[in-house]
Structure formats: C-alpha cells, structure tokens
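In what follows, a single structure is set out as structure tokens and then discussed.
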Amino acid sequence: MKVTRVGQTRAGSQAEDIGFEFGAMACVCEVRLSGLDLTDATRLAHRAIAEVRRIEAAYSRYRGDSVLSRINAAAGTGEAIAVDDETRHLLNFAAQLHAASDGLFDVTSGVLRKAWDFKAARRPAPGQLDALLPLVGWPQVQWSDGRVALPRAGMELDFGGIGKEYAADRAATLLQRLGADSAMVNLGGDIRLVGPRPDGAPWALGIAHPRQEGAMLVTMSLQDGALATSGDYERFFEVDGQRFCHVLDPRSGWPVAGWQSVSVVAPACLAAGALTTIAMLKGDEALDFLELQRVDYIAVDAQGGVHRGGPQCTDPLPS
C-alpha cells in the first residue's frame with residue numbers, strides 16, 4: 001500500500017489530504033481522507049481497504065472459493081446453492097437492472113468473454129458465439145428462498161458490472177460510520193465520496209478522455225455522491241480500423257459501438273455504474289434513457305461529440 005500525504009492545515013497538526021493506494025479488482029485503487037491526522041487516517045483506510053478486498057474475495061470469478069464460483073461450478077447439475085443476505089440483495093438488484101434495461105444488463109452475459117480475446121486481439125471463431133448465446137439470459141436463473149441454481153451446464157453469474165461499484169459504496173459507507181467527514185474511494189475510476197472537502201469546497205474529479213491516453217476530458221466538481229464511467233477504451237482491440245471493446249451486447253454477443261464513453265453522477269456508485277453500462281448498451285437511445293433517470297451525465301459519441309445533461313448539469317470545467 002502506497003501512502004501519499006499532501007498539504008497540512010494551518011495548525012500543522014492534521015494532514016489535509018492523505019491517500020492510500022492499493023491494488024484490487026484488477027485495477028489501481030485509492031482511499032483518500034481529508035482533515036485527519038496520519039494515525040486516524042491510516043486506521044480508517046485499512047478498514048475500508050479490507051472491506052473492498054472482502055467483497056472481491058466473495059464475488060470474484062477468479063477465486064474458486066467465491067460465492068459466484070460455487071454457483072457457477074454447480075451449473076447444469078440441478079444443485080441450488082444457498083446464498084447469504086448480501087448476495088441475495090445483489091441478485092435482487094441484478095433482476096431490477098435486467099427489467100429496467102429491457103434485458104440489456106444481464107449478469108449471465110459474462111460467459112461471452114470466452115469468445116473474445118482482447119489481449120490477443122482475436123475475434124470469435126465461427127460458431128463460437130452461437131454456442132454461447134443459449135447460456136445467456138437472466139430469466140433462466142432459478143432462485144428463491146435464498147438458493148440459486150443455473151439450469152444449463154456452462155452458465156455463469158458474473159458481477160463484473162456491479163462489483164467495483166458496490167465495493168466503493170460499501171467502503172465509503174464504512175468510512176462514514178467510522179467518523180470520516182471528508183473522504184473519497186476510487187476503485188479504478190468508479191468513485192464514491194463522503195461529504196465535501198474539510199473547508200466545504202467540492203472535490204474536483206477528472207473524467208478520462210476516451211481517445212487521448214493520460215488526458216482528462218473534463219473536470220467535474222462534486223460535493224458528495226458518486227461518479228462512474230464506462231467506455232470503449234478500457235479493454236479493446238482494433239482490426240482494419242474497427243474497434244472491438246469489452247462491453248458486449250447480450251443479444252448478439254458483439255461489442256457495442258455507439259459511444260466512446262458515458263459518465264454518470266448519482267447518489268450511489270452502484271447506481272451510477274449500472275446506468276453508464278446500460279447507456280453504452282442502449283446505443284441511439286442512450287441519452288433519452290439517461291434523461292428519464294434524471295441523473296447528470298457526460299457522454300462522448302462515436303464521432304467524439306460531447307453530450308451533457310441532467311437536472312443539475314452545468315458546463316464542465318475544462319481540464
């Protein structure tokens with residue numbers, strides 16, 4: 001864990017900003033606290049980081065002992081796996097997202113990644129998607145009374161679309177319960193805030209430019225709440241000038257192509273992240289969908305045009 005201390009209060013007794021960088025969920029993460037001394041900030045950061053790693057251990061598909069791995073391993077056997085209340089609530093949320101997105105947000109669609117090799121820049125082999133698509137479909141999932149079963153061998157649940165966001169919310173809520181008044185949890189660009197800066201000023205949060213590596217598209221000022229972004233630049237490859245990104249349409253198995261990035265501001269990171277993904281999947285209907293949700297957003301279309309809207313949205317500050 002890397003600790004960064006920036007600035008001090010006038011009294012010189014408290015660090016104004018103390019950041020704790022760590023790795024989790026296959027990305028660079030940070031817990032940043034303001035208005036606390038190093039001892040208190042370290043104590044709170046360790047608790048928040050432990051919460052992020054607890055959630056990663058529970059829901060990572062890469063760990064054989066995770067809840068999701070146990071469910072996936074039983075696919076097609078007829079065995080229903082008992083889940084705890086936390087997992088049950090997440091499954092309820094997944095069901096709500098599936099309904100709200102007309103089936104576009106589907107936590108069974110992670111199996112489609114088997115057809116796409118983004119490291120090798122390889123598209124699906126002939127017939128590969130046709131073999132996987134029958135395994136996709138939230139309505140197939142059998143669950144009741146705290147037990148979950150996947151009826152087809154090869155089916156999978158994948159919380160990749162909600163895991164980081166849920167962890168950011170949980171870590172931020174824990175920091176608040178432990179007494180933090182000014183904090184930020186940043187899990188690979190999915191951000192949840194706890195209050196404004198100690199002097200009441202907003203946090204300045206940068207949104208990455210989807211085509212200029214290392215550059216910011218805009219900087220947003222937020223007092224509280226969450227900011228999440230989905231984009232076609234996170235994992236992708238190009239063939240003959242066509243970009244193939246990791247956001248896959250569960251109906252066809254092919255990557256979306258309508259938006260370079262979508263960023264959403266919401267009270268919770270779980271909501272913000274889900275809305276960005278749904279908007280990416282909505283294509284031409286994305287902006288109408290976001291307006292109906294009454295959230296602030298900044299979206300970059302396939303041609304690089306910037307669209308912004310929402311009830312509180314003002315012109316973003318240039319970076």
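Following the order of the structure tokens, first chain is A, next is B, and so on, with residues numbered from 1 inside each chain and ligands from 1 in the order they appear.
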Taking 4 positions as the minimum chain separation for residues in the same chain, which residues sit within 10 Å of Gly127 of chain A when counting only C-alpha atoms? Answer as a PyMOL selection string. chain A and resi 115+131-132
Expected file: the selected residues, N, CA and C atoms, as a PDB file, in the first residue's frame:
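File written: part-v5.pdb
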ATOM      1  N   ALA A 115     -15.481 -15.921 -25.872  1.00  0.00           N
ATOM      2  CA  ALA A 115     -15.353 -15.816 -27.331  1.00  0.00           C
ATOM      3  C   ALA A 115     -14.440 -14.672 -27.755  1.00  0.00           C
ATOM      4  N   ALA A 131     -22.751 -20.856 -29.935  1.00  0.00           N
ATOM      5  CA  ALA A 131     -22.716 -21.868 -28.877  1.00  0.00           C
ATOM      6  C   ALA A 131     -22.888 -21.256 -27.493  1.00  0.00           C
ATOM      7  N   LEU A 132     -22.475 -20.007 -27.338  1.00  0.00           N
ATOM      8  CA  LEU A 132     -22.524 -19.368 -26.021  1.00  0.00           C
ATOM      9  C   LEU A 132     -23.842 -18.645 -25.747  1.00  0.00           C
TER      10      LEU A 132
END
Coordinates-based distance that separates atom CA of Asp158 of chain A from atom CA of Ala75 of chain A (Å, one decimal):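 Interatomic distance, atom CA of Ala75 of chain A to atom CA of Asp158 of chain A: 13.1 Å.
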Give the answer as one residue: which of A:Gly214, A:Gly305, A:Gly253, A:Pro267 has the shortest atom-to-atom distance to Ile191 of chain A, using only C-alpha atoms?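 Looking only at the distances to Ile191 of chain A, the closest residue turns out to be A:Pro267.
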For Ala82 of chain A, list every protein, DNA or RNA residue within 12 Å, evaluated using only C-alpha atoms, and leave out those in the same chain fewer than 5 positions away; present the list as number ranges by chain. A: 67-68, 70-71, 74, 87-88, 142-149
Can you work out which one of A:Gly179, A:Pro198, A:Gly76, A:Pro210 has the shortest atom-to-atom distance to Gln140 of chain A, counting only C-alpha atoms?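 So, comparing all the options, the nearest one is A:Gly76.
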Could you work out how far atom CA of Asp181 of chain A lies from atom CA of Met216 of chain A, giving the answer in Å with one decimal?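 Rounded to one decimal, the two atoms are 27.3 Å apart.
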Against segment 221-245 of chain A, which residues of segment 17-124 of chain A fall within 9 Å? For each one I want the closest pair of atoms and the distance in Å (one decimal), counting only C-alpha atoms, rows by chain and increasing residue number, as a Markdown table.
| residue | atom | partner | partner_atom | distance |
| --- | --- | --- | --- | --- |
| A:Phe118 | CA | A:Phe236 | CA | 5.9 |
| A:Lys119 | CA | A:Phe237 | CA | 7.9 |
| A:Ala120 | CA | A:Phe237 | CA | 8.5 |
| A:Ala121 | CA | A:Phe237 | CA | 5.4 |
| A:Arg122 | CA | A:Phe237 | CA | 8.2 |
| A:Arg123 | CA | A:Phe244 | CA | 8.5 |
Strand (DSSP E) positions in segment 14-184 of chain A, given as an NGL selection string: :A and (15-24 or 27-33 or 81-82 or 142-144 or 147-149 or 183-184)
As a ChimeraX atom specification, which residues of segment 34-102 of chain A does DSSP assign to helix (DSSP H, G or I)? /A:38-59,67-73,85-100
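Using only C-alpha atoms, the nearest neighbour of Thr108 of chain A within the list A:Glu156, A:Glu51, A:Asp169, A:Asp199 is A:Glu156.
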Report, in Å to a single decimal, how far apart atom CA of Leu275 of chain A and atom CA of Leu287 of chain A are.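 Separation of atom CA of Leu287 of chain A and atom CA of Leu275 of chain A: 11.0 Å.
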For Arg192 of chain A, the nearest of the candidates A:Asp288, A:Glu213, A:Glu165, A:Asp65, counting only C-alpha atoms: A:Glu165
Pick out the closest residue to Gly258 of chain A from this set: A:Ala302, A:Ala271, A:Glu291, A:Lys282. Count only C-alpha atoms.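 Closest to Gly258 of chain A of all the choices is A:Ala302.
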Selection: 12 Å around Val111 of chain A, only C-alpha atoms, excl. self and same-chain fewer than 3 positions, as a list in words: Arg61, Asn72, Asp106, Val107, Thr108, Lys114, Ala115, Trp116, Gln128, Leu129, Ala131, Leu132, Leu133, Pro134, Leu135, Val136, Gly137, Ala153, Gly154, Met155, Glu156, Leu157, Asp158, Phe159, Gly160, Leu248, Asp249, Pro250 and Gly253 of chain A
Give me the residues within 7 Å of Ile207 of chain A as an NGL selection string, counting only C-alpha atoms and dropping any in the same chain fewer than 2 places off. :A and (205 or 209 or 216-219)
Hey, which of A:Phe289, A:Phe22, A:Tyr166, A:Phe105 ends up closest to Cys269 of chain A? Count only C-alpha atoms.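 Comparing A:Phe289, A:Phe22, A:Tyr166, A:Phe105 against Cys269 of chain A, the winner is A:Tyr166.
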